[in-house]
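Heads up, the thing below is written out as structure tokens.
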Amino acid sequence: MRKLKACALSLLIAAPALVSAETPNVNPGQWEYETTMTMSAGGQAMPARTAKNKDCVRQEDVTDPDLFGGDELNNCEVSEMEQTRSRLRYSLTCPGPDGSPYTMSADLKLQGDTMEGTMQGDMQSPMGPMKMRMSLSGKRIGEC
């Protein structure tokens with residue numbers, strides 16, 4: 001789950017910087033996130049899983065995409081991107097560990113001290129098509 005959160009945060013912060021000089025509307029500080037994720041594979045649905053975690057978002061995390069994006073996004077192809085200071089919508093395709101592609105799309109609203117959105121991912125697995133759906137929300141709860 002931590003890797004999924006890191007991926008979500010990297011896409012939240014890094015993707016806007018890749019296409020715009022405009023800084024995302026995310027205020028640095030201590031943030032609390034809640035994510036609810038559902039997954040299904042091969043027609044079998046797993047129970048929804050909700051998790052909360054906290055993370056310190058520093059100014060350099062918002063303004064420097066390399067701190068979160070790194071090399072993990074280098075092989076991804078962005079097929080749709082719509083970004084303003086307060087909203088990010090995108091779709092991208094990346095190679096999976098076994099070489100088969102996975103797609104991810106998101107619609108995120110950035111409101112300074114709060115954010116909310118949805119993400120979805122689709123990939124092939126040994127069990128058949130796998131789908132991931134996530135709703136996420138976050139709020140700044142103070143200084144780091």
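As shown in the structure tokens, the chain order sets the letters A, B, ...; within each chain, residues go from 1, and ligands are also counted from 1 in the order they appear.
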Please build the interface table for region 103-139 of chain A against region 75-98 of chain A with a cut-off of 12 Å, listing for each qualifying residue the nearest atom pair and the distance in Å to one decimal; count only C-alpha atoms, order rows by chain and increasing number, and write it as a tab-separated table.
residue	atom	partner	partner_atom	distance
A:Thr103	CA	A:Thr93	CA	4.3
A:Met104	CA	A:Leu92	CA	5.5
A:Ser105	CA	A:Ser91	CA	4.1
A:Ala106	CA	A:Arg89	CA	5.5
A:Asp107	CA	A:Arg89	CA	4.4
A:Leu108	CA	A:Leu88	CA	5.1
A:Lys109	CA	A:Arg87	CA	4.5
A:Leu110	CA	A:Ser86	CA	4.6
A:Gln111	CA	A:Ser86	CA	6.0
A:Gly112	CA	A:Ser86	CA	8.1
A:Asp113	CA	A:Ser86	CA	11.3
A:Thr114	CA	A:Ser86	CA	10.5
A:Met115	CA	A:Ser86	CA	9.1
A:Glu116	CA	A:Arg87	CA	9.8
A:Gly117	CA	A:Leu88	CA	9.2
A:Thr118	CA	A:Arg89	CA	9.7
A:Met119	CA	A:Tyr90	CA	9.5
A:Gln120	CA	A:Ser91	CA	9.4
A:Gly121	CA	A:Ser91	CA	9.5
A:Asp122	CA	A:Thr93	CA	9.5
A:Met123	CA	A:Gly96	CA	8.0
A:Gln124	CA	A:Gly96	CA	9.0
A:Ser125	CA	A:Asp98	CA	9.3
A:Pro126	CA	A:Asp98	CA	10.5
Go ahead and save the residues from that selection, with C-alpha atoms, as a short mmCIF file (atom, residue, chain, number, x, y, z; two decimals), in the first residue's frame.
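So the final result, stored in part.cif, reads:
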data_model
loop_
_atom_site.label_atom_id
_atom_site.label_comp_id
_atom_site.auth_asym_id
_atom_site.auth_seq_id
_atom_site.Cartn_x
_atom_site.Cartn_y
_atom_site.Cartn_z
CA THR A 103 -2.83 1.96 -17.84
CA MET A 104 -3.58 4.46 -15.14
CA SER A 105 -5.86 7.47 -15.17
CA ALA A 106 -6.70 10.02 -12.54
CA ASP A 107 -8.82 13.05 -11.85
CA LEU A 108 -7.48 15.04 -8.92
CA LYS A 109 -8.65 18.35 -7.42
CA LEU A 110 -5.96 20.32 -5.60
CA GLN A 111 -7.29 22.94 -3.19
CA GLY A 112 -4.29 24.19 -1.22
CA ASP A 113 -4.90 22.51 2.13
CA THR A 114 -7.11 19.72 0.77
CA MET A 115 -7.18 17.43 -2.22
CA GLU A 116 -9.50 14.74 -3.51
CA GLY A 117 -9.79 12.55 -6.51
CA THR A 118 -10.06 9.19 -8.13
CA MET A 119 -7.53 6.94 -9.79
CA GLN A 120 -8.01 3.78 -11.76
CA GLY A 121 -5.59 1.27 -13.18
CA ASP A 122 -5.96 -1.68 -15.53
CA MET A 123 -3.47 -4.43 -16.33
CA GLN A 124 -3.21 -8.04 -17.38
CA SER A 125 -2.33 -10.58 -14.71
CA PRO A 126 -1.95 -14.37 -14.64
#
Members of region 23-63 of chain A assigned alpha helix (DSSP H) by DSSP, as number ranges by chain: A: 59-63
Thr50 (chain A) environment, 8 Å, only C-alpha atoms, sequence neighbours closer than 4 positions dropped, as a VMD selection string: chain A and resid 34 to 37
Keeping only N, CA and C atoms, write the selected residues to a file as a CSV table (one decimal), in the first residue's frame.
chain,number,residue,atom,x,y,z
A,34,GLU,N,-6.4,9.6,3.1
A,34,GLU,CA,-7.3,8.4,3.2
A,34,GLU,C,-7.5,7.9,1.8
A,35,THR,N,-7.3,6.7,1.6
A,35,THR,CA,-7.5,6.0,0.3
A,35,THR,C,-8.5,4.8,0.5
A,36,THR,N,-9.4,4.7,-0.4
A,36,THR,CA,-10.2,3.5,-0.4
A,36,THR,C,-10.0,2.8,-1.8
A,37,MET,N,-9.5,1.6,-1.8
A,37,MET,CA,-9.2,0.9,-3.0
A,37,MET,C,-10.0,-0.4,-3.1
Best match for closeness to Cys144 (chain A) among A:Val26, A:Cys56, A:Met39, A:Ala48, counting only C-alpha atoms: A:Cys56
For CA of Gln30 (chain A) and CA of Met134 (chain A), the interatomic separation in Å (one decimal): 21.8 Å
For CA of Glu22 (chain A) and CA of Val57 (chain A), the interatomic separation in Å (one decimal): 17.6 Å
Which residue of A:Glu143, A:Arg133, A:Gln59, A:Glu32 approaches Met46 (chain A) most closely, using only C-alpha atoms: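 Closest candidate: A:Arg133.
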Atom-to-atom span, CA of Asn25 (chain A) and CA of Asp61 (chain A), Å: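 A separation of 12.4 Å between them.
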